[in-house]
Amino acid sequence: MMSWLAVWLQQIIAVVLLAGFIDLLLPNKSMQRYVRLVAGLIILLTILTPIIRLLQGDFNARLDQQVESWIKGNSGTQYHMPTLDDIKQNAKDLQQKQQSAAVELTEQKLAESMKEGIVQGTGLRVAAVQVKLGFNKDGQAEAVEGVTVTLISPSPSPDASEESSGPEQKPGDDVKEIDSVEVIVQPDDMPGDEPGDSEKTPEQTVPDAVAQAVKGVLQQGWSVAPGLIDIKAQGEAGDSAY
Amino acid sequence: MEIIQIVGLGLVATVLVLVVREQKPMFAFLLAAFTGLFIFLYVIGKIEAVITVLEQLADRSGIPSIYLKTILKIIGIAYIAEFGSQIVRDAGQESIASKIEFAGKILILVLAVPIISVIVETVLGLLPVGS
């Protein structure tokens with residue numbers, strides 16, 4: 001009991017001394033009234049400490065927390081006032097996002113139409129077409145930078161040929177030729193290839209004629225330079241069995 | 001004997017200001033402002049000793065550090081606002097000087113807000129009606 005009283009008194013004395021110090025340190029009269037108010041509040045709080053502790057437990061933590069939140073709230077409101085630069089930055093970000101979305105959409109559409117074109121033009125079965133667009137300085141899509149065509153290696157089953165050449169028959173002659181070439185080359189590269197790990201196993205080489213046909217279609221339809229076109233073949237799951 | 005140096009500097013600056021003011025009021029003001037700045041910066045380093053003593057006092061008596069922080073911030077705000085307003089007042093802009101002082105007072109009161117809110121909460125909790 002005695003020690004507790006001593007600590008309390010010590011605190012009060014220290015705070016009063018502090019208040020005296022700052023009264024001395026203060027530059028002029030007009031500030032003094034305000035500072036005295038704050039100092040008085042602090043002294044009051046120190047004197048009340050035992051009562052507060054009795055009523056509300058540890059109030060120091062709460063005071064800390066309150067100060068913290070007050071300061072944070074203050075800086076938060078300051079931070080939320082956006083400067084012109086912030087707004088510009090935001091606009092740029094949004095624009096970039098929009099552009100990248102647009103480019104993505106374009107790539108998708110291009111890929112789709114290319115896929116369709118290849119299917120129609122050559123009668124090959126296409127697993128996927130990936131289009132990569134290049135950008136100019138403003139971040140706008142400028143030109144096709146690369147096309148990756150993944151062909152499904154046609155299995156020799158009659159289904160495939162029917163499927164490919166059946167519904168649409170535009171350039172009929174080409175289709176036949178290419179088909180035949182494919183079939184010959186097919187078995188050489190097939191064994192032990194899974195569609196998933198195309199990284200490890202060497203890419204199946206696509207017969208030249210097929211590649212030429214695909215490139216021709218793409219060059220005619222979309223004027224993509226042949227050098228930018230990358231053609232891969234993908235073994236079908238059924239094929240990899242043997 | 002630093003006080004002699006400072007006073008000497010002040011006297012020399014005053015004489016110079018009085019001389020120059022006749023010809024170029026602008027330079028007189030600049031001279032006064034820089035003299036003030038120099039003295040301020042010269043002495044602000046010494047304040048560190050006082051602050052150290054205050055910190056030791058706070059440590060030993062176990063008062064919460066938040067009090068000391070608040071008090072030191074108040075002193076800093078008061079000094080800086082006072083210094084700035086005096087320089088501006090020297091230049092003859094009484095109204096701007098009073099605005100600076102006003103800002104200083106507001107910032108000091110802002111520092112008191114958490115303390116006030118804790119006290120108010122305590123008092124409200126003290127009253128049976130309030131709880």
# chains A, B, ... in the order shown; residues from 1 in each chain; ligands from 1

$ interface_residues --of "chain B" --to "chain A" --cutoff "9 Å" --atoms "only C-alpha atoms" --output "PyMOL selection string"
chain B and resi 54+57-58+60-64+66-68+70-72+74-75+78-79+82-83+101+104-106+108-109+111-119+122-123+125-126

$ atom_distance --atom1 "atom CA of A:Ser113" --atom2 "atom CA of A:Gln130"
11.1 Å

$ atom_distance --atom1 "atom CA of A:Gly227" --atom2 "atom CA of A:Val147"
9.5 Å

$ atom_distance --atom1 "atom CA of B:Asp90" --atom2 "atom CA of B:Ile4"
23.8 Å

$ closest_residue --among "B:Ala13, B:Ala81, B:Val50, B:Leu18" --to "B:Phe34" --atoms "only C-alpha atoms"
B:Ala13

$ residues_around --residues "B:Ser85" --least-positions-apart "6" --cutoff "12 Å" --atoms "only C-alpha atoms" --output "PyMOL selection string"
(chain A and resi 27-28) or (chain B and resi 33+36+77-79+91-104)

$ write_last_selection --atoms "C-alpha atoms" --output "PDB file, in the first residue's frame"
ATOM      1  CA  PRO A  27       8.602  31.238 -25.846  1.00  0.00           C
ATOM      2  CA  ASN A  28       5.712  33.611 -25.323  1.00  0.00           C
TER       3      ASN A  28
ATOM      4  CA  ALA B  33      16.158  36.675 -40.387  1.00  0.00           C
ATOM      5  CA  GLY B  36      17.680  34.766 -35.853  1.00  0.00           C
ATOM      6  CA  ILE B  77       5.489  23.184 -31.970  1.00  0.00           C
ATOM      7  CA  ALA B  78       5.447  26.245 -29.743  1.00  0.00           C
ATOM      8  CA  TYR B  79       9.052  27.098 -30.488  1.00  0.00           C
ATOM      9  CA  ALA B  91       9.087  41.669 -42.209  1.00  0.00           C
ATOM     10  CA  GLY B  92       6.002  43.603 -41.275  1.00  0.00           C
ATOM     11  CA  GLN B  93       3.424  40.967 -42.091  1.00  0.00           C
ATOM     12  CA  GLU B  94       1.533  41.003 -38.857  1.00  0.00           C
ATOM     13  CA  SER B  95      -1.439  39.111 -40.205  1.00  0.00           C
ATOM     14  CA  ILE B  96       0.576  36.175 -41.533  1.00  0.00           C
ATOM     15  CA  ALA B  97       2.444  35.999 -38.249  1.00  0.00           C
ATOM     16  CA  SER B  98      -0.775  35.748 -36.326  1.00  0.00           C
ATOM     17  CA  LYS B  99      -1.939  32.992 -38.671  1.00  0.00           C
ATOM     18  CA  ILE B 100       1.216  31.026 -37.976  1.00  0.00           C
ATOM     19  CA  GLU B 101       0.624  31.383 -34.269  1.00  0.00           C
ATOM     20  CA  PHE B 102      -2.947  30.299 -34.741  1.00  0.00           C
ATOM     21  CA  ALA B 103      -1.793  27.165 -36.546  1.00  0.00           C
ATOM     22  CA  GLY B 104       0.611  26.423 -33.717  1.00  0.00           C
TER      23      GLY B 104
END
